[in-house]
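Some notes on the structure that comes next.
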Amino acid sequence: FIPTPGQIEQEYLSQYHNSLGTFYSVSQDVIHLKTDVLKAAERTGITRECDVKKTVENILGIIKEKT
């Protein structure tokens, strides 16, 4: 993240995810692309596992209950 100064939601989210280690964040006034890109590449990003089969079964179960 490189939050836009004055955009409170961007500043908050960048600090929040930086503290979790999800994303790397740096302010515009101190950015150094050569090193910051490497630091950003070390972060995990948001990961999510999804069981599509289970989700479909749950949805079908809800539909059956409603009909």
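Ligands are numbered from 1 in the order shown, chains are lettered A, B, ... in the order of the structure tokens, and residues start at 1 in each chain.
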message = If we count only C-alpha atoms and set the cut-off at 12 Å, which residues sit around segment 4-9 of chain A, ignoring sequence neighbours fewer than 4 positions away in its own chain? Please answer as a PyMOL selection string.
response = chain A and resi 13-16+25-29
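If you look at atom CA of Gln10 of chain A and atom CA of Glu49 of chain A, they are 25.7 Å away from each other.
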request  = From a DSSP calculation on the backbone, collect every residue of chain A in helix (DSSP H, G or I) and output the set as a ChimeraX atom specification.
outcome  = /A:8-20,28-30,33-41,52-66
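With atom CA of His17 of chain A on one side and atom CA of Lys54 of chain A on the other, the separation reads 29.1 Å.
Minimum distance to Ala40 of chain A across A:Phe1, A:Ile63, A:Ser19, A:Val56 (counting only C-alpha atoms) occurs at A:Phe1.
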inquiry  = as number ranges by chain, please: the residues near Glu42 of chain A (cut-off 12 Å, only C-alpha atoms, same-chain neighbours under 4 positions excluded).
reply    = A: 18, 21-24, 35-38
query = Could you work out how far atom CA of Val30 of chain A lies from atom CA of Ile2 of chain A, giving the answer in Å with one decimal?
reply = 10.2 Å
